[in-house]
Amino acid sequence: MDFRVINSRQLERRHYWVDEISRLSGDFGIDADRVEQELALEVKKEGADSLLGHLRLCGVIPERYDHDTSEEKLYSKYTDVVISEGFAWMGFTALVLKERADTADVECVSDDYSFVADAKAFRLSRTAKNQKDFKIQAMDNWKYGKPYAMVVCPVYQLPARISQIYQQAVVRSVCIATYTHLAVLVRYAQEAGQPKAVELLHNVFETVEAMHPTKDAVAYWQGVNRTFLAFDRAVADIWKEEKVAASESIVISRNEAMASLAAERERIMRLSREEAIMEVIRGRKLDNRIRAVQSVTDNGILEFI
């Protein structure tokens, strides 16, 4: 299938990275470093086209990865590397942090201001999302003296009507943005220069900070989007193309997910009765639950007299 904005090379890279993340060494630290180094090298070698492909397509966790697996965790780290490379392309000094808890995943610094950021990715099959998925309060706590924070999400997974996350974002000065907004900034940096992209993003942070707190998604996104479009006429043409790319990415991600789910359904249909029983047992984690039950013993507390 041909697309107007997303090109075949970007699709090839998507397939490569979904497979590459499956090739785990078994050591998360080593795997995360490998992803960071390899992706940085790819962007350095192939330029903005590579980075834009990642920004357009990385927001969806592949359905072929099982829940709560090393693959899923490494994919989350990959999305952090993607946004870090995006901020670096805009002119920031960007660092993917190695700490596991109580910090944001990306730190960005320029001569004028600094901020922390986190990337979010979701499965297309996940229907119920709540405010905790976006970690607005946590991002505020993780600023550690920096004036701003940003959560980057796939546009089609964000609430489009009413949500407490928008009120929280304004109150706590945490900017909710999308991978599409970052793609626009990357292209704008390429066209108008890094200082202009850094200035535009600063305007967006200030816009969010100055908003009246409300749960209304329309009010929030009108404020953010108008800040982009009012900054420079050159942004408008980029914006139009990236809107098309966002629509194309939905089709691509949907096809990818449907292919994985169809393959999984076929695999299950081919199981023998015994194989199916064992799969259900493993899926319910019955062996682990049985071991946990068997491990419970009298702990002697009532003997402390």
# chains A, B, ... in the order shown; residues from 1 in each chain; ligands from 1
$ closest_atom_pairs --of "segment 54-139 of chain A" --to "segment 5-25 of chain A" --cutoff "9 Å" --atoms "only C-alpha atoms" --output "Markdown table"
| residue | atom | partner | partner_atom | distance |
| --- | --- | --- | --- | --- |
| A:His54 | CA | A:Arg14 | CA | 7.2 |
| A:Arg56 | CA | A:Ile6 | CA | 8.0 |
| A:Leu57 | CA | A:Arg14 | CA | 7.2 |
| A:Cys58 | CA | A:Arg14 | CA | 8.0 |
| A:Pro62 | CA | A:Val18 | CA | 7.3 |
| A:Tyr65 | CA | A:Ser22 | CA | 8.1 |
| A:Ser70 | CA | A:Leu24 | CA | 7.9 |
| A:Glu71 | CA | A:Ser22 | CA | 5.9 |
| A:Glu72 | CA | A:Ile21 | CA | 8.7 |
| A:Leu74 | CA | A:Ile21 | CA | 6.8 |
| A:Tyr75 | CA | A:Ile21 | CA | 6.7 |
| A:Tyr78 | CA | A:Ile21 | CA | 8.5 |
$ residues_around --residues "Val81 of chain A" --least-positions-apart "5" --cutoff "8 Å" --atoms "only C-alpha atoms" --output "number ranges by chain"
A: 35-36, 39, 96
$ select_by_dssp --residues "segment 170-300 of chain A" --states "strand (DSSP E)" --output "ChimeraX atom specification"
/A:174-178
$ write_last_selection --atoms "C-alpha atoms" --output "PDB file, in the first residue's frame"
ATOM      1  CA  VAL A 174       3.302  19.555  32.498  1.00  0.00           C
ATOM      2  CA  CYS A 175       2.875  19.799  28.727  1.00  0.00           C
ATOM      3  CA  ILE A 176       0.987  16.937  27.092  1.00  0.00           C
ATOM      4  CA  ALA A 177       2.179  16.694  23.499  1.00  0.00           C
ATOM      5  CA  THR A 178       2.026  14.096  20.740  1.00  0.00           C
TER       6      THR A 178
END
$ select_by_dssp --residues "segment 26-224 of chain A" --states "helix (DSSP H, G or I)" --output "PyMOL selection string"
chain A and resi 28-46+48-57+70-90+131-134+136-141+155-157+164-172+179-192+194-210+217-224
$ residues_around --residues "Ala236 of chain A" --least-positions-apart "3" --cutoff "12 Å" --atoms "only C-alpha atoms" --output "VMD selection string"
chain A and resid 184 to 185 187 to 188 225 to 233 239 to 243
$ write_last_selection --atoms "C-alpha atoms" --output "PDB file, in the first residue's frame"
ATOM      1  CA  VAL A 184       6.506  19.150  13.340  1.00  0.00           C
ATOM      2  CA  LEU A 185       9.226  20.592  15.588  1.00  0.00           C
ATOM      3  CA  ARG A 187      10.919  19.472  10.539  1.00  0.00           C
ATOM      4  CA  TYR A 188      10.675  23.096  11.614  1.00  0.00           C
ATOM      5  CA  ASN A 225      -2.126  23.890  18.358  1.00  0.00           C
ATOM      6  CA  ARG A 226      -2.749  27.607  17.882  1.00  0.00           C
ATOM      7  CA  THR A 227       0.616  28.348  19.500  1.00  0.00           C
ATOM      8  CA  PHE A 228       2.268  26.206  16.833  1.00  0.00           C
ATOM      9  CA  LEU A 229       0.386  27.713  13.932  1.00  0.00           C
ATOM     10  CA  ALA A 230       0.663  31.334  15.076  1.00  0.00           C
ATOM     11  CA  PHE A 231       4.433  31.143  15.555  1.00  0.00           C
ATOM     12  CA  ASP A 232       5.487  31.060  11.900  1.00  0.00           C
ATOM     13  CA  ARG A 233       3.639  30.664   8.606  1.00  0.00           C
ATOM     14  CA  TRP A 239       1.420  20.782  10.082  1.00  0.00           C
ATOM     15  CA  LYS A 240      -0.778  19.755   7.155  1.00  0.00           C
ATOM     16  CA  GLU A 241       1.632  17.006   6.085  1.00  0.00           C
ATOM     17  CA  GLU A 242       2.098  15.649   9.587  1.00  0.00           C
ATOM     18  CA  LYS A 243      -1.688  15.493  10.044  1.00  0.00           C
TER      19      LYS A 243
END
$ residues_around --residues "Gln168 of chain A" --least-positions-apart "6" --cutoff "8 Å" --atoms "only C-alpha atoms" --output "number ranges by chain"
A: 136-137, 174, 213
$ write_last_selection --atoms "N, CA and C atoms" --output "PDB file, in the first residue's frame"
ATOM      1  N   ILE A 136       0.969  12.378  34.940  1.00  0.00           N
ATOM      2  CA  ILE A 136       1.133  13.833  34.999  1.00  0.00           C
ATOM      3  C   ILE A 136       1.688  14.264  36.356  1.00  0.00           C
ATOM      4  N   GLN A 137       1.097  13.759  37.423  1.00  0.00           N
ATOM      5  CA  GLN A 137       1.558  14.131  38.765  1.00  0.00           C
ATOM      6  C   GLN A 137       2.989  13.684  38.990  1.00  0.00           C
ATOM      7  N   VAL A 174       2.805  20.716  33.239  1.00  0.00           N
ATOM      8  CA  VAL A 174       3.302  19.555  32.498  1.00  0.00           C
ATOM      9  C   VAL A 174       2.641  19.587  31.124  1.00  0.00           C
ATOM     10  N   PRO A 213      -7.141  26.221  34.174  1.00  0.00           N
ATOM     11  CA  PRO A 213      -7.296  24.772  34.392  1.00  0.00           C
ATOM     12  C   PRO A 213      -8.699  24.286  34.036  1.00  0.00           C
TER      13      PRO A 213
END
$ residues_around --residues "Ser114 of chain A" --least-positions-apart "3" --cutoff "10 Å" --atoms "only C-alpha atoms" --output "JSON, numbers by chain"
{"A": [92, 93, 94, 107, 108, 109, 110, 111, 143, 145, 146, 147, 148, 149, 202]}
$ write_last_selection --atoms "C-alpha atoms" --output "PDB file, in the first residue's frame"
ATOM      1  CA  PHE A  92      18.711  20.518  22.920  1.00  0.00           C
ATOM      2  CA  THR A  93      21.320  18.570  24.798  1.00  0.00           C
ATOM      3  CA  ALA A  94      19.232  15.474  25.506  1.00  0.00           C
ATOM      4  CA  GLU A 107      16.309  15.220  30.379  1.00  0.00           C
ATOM      5  CA  CYS A 108      16.718  18.162  27.981  1.00  0.00           C
ATOM      6  CA  VAL A 109      18.777  21.340  28.365  1.00  0.00           C
ATOM      7  CA  SER A 110      19.244  24.419  26.183  1.00  0.00           C
ATOM      8  CA  ASP A 111      20.836  27.818  26.863  1.00  0.00           C
ATOM      9  CA  LYS A 143      11.159  18.020  37.536  1.00  0.00           C
ATOM     10  CA  GLY A 145      14.066  22.122  39.879  1.00  0.00           C
ATOM     11  CA  LYS A 146      13.393  22.296  36.157  1.00  0.00           C
ATOM     12  CA  PRO A 147      10.533  24.617  35.163  1.00  0.00           C
ATOM     13  CA  TYR A 148       8.801  22.297  32.698  1.00  0.00           C
ATOM     14  CA  ALA A 149       7.947  18.692  31.956  1.00  0.00           C
ATOM     15  CA  HIS A 202       9.280  27.335  24.880  1.00  0.00           C
TER      16      HIS A 202
END
$ atom_distance --atom1 "atom CA of Gln294 of chain A" --atom2 "atom CA of Glu274 of chain A"
25.5 Å
$ residues_around --residues "Ala210 of chain A" --least-positions-apart "4" --cutoff "10 Å" --atoms "only C-alpha atoms" --output "ChimeraX atom specification"
/A:170-171,173,204-206,223
$ atom_distance --atom1 "atom CA of Tyr166 of chain A" --atom2 "atom CA of Asn141 of chain A"
16.7 Å
$ atom_distance --atom1 "atom CA of Val151 of chain A" --atom2 "atom CA of Glu248 of chain A"
22.5 Å
$ closest_residue --among "A:Ala169, A:Leu41, A:Ala88, A:Leu97" --to "Gly29 of chain A" --atoms "only C-alpha atoms"
A:Leu97
$ closest_residue --among "A:Glu85, A:Glu264, A:Glu275, A:Asp237" --to "Gly47 of chain A" --atoms "only C-alpha atoms"
A:Glu85
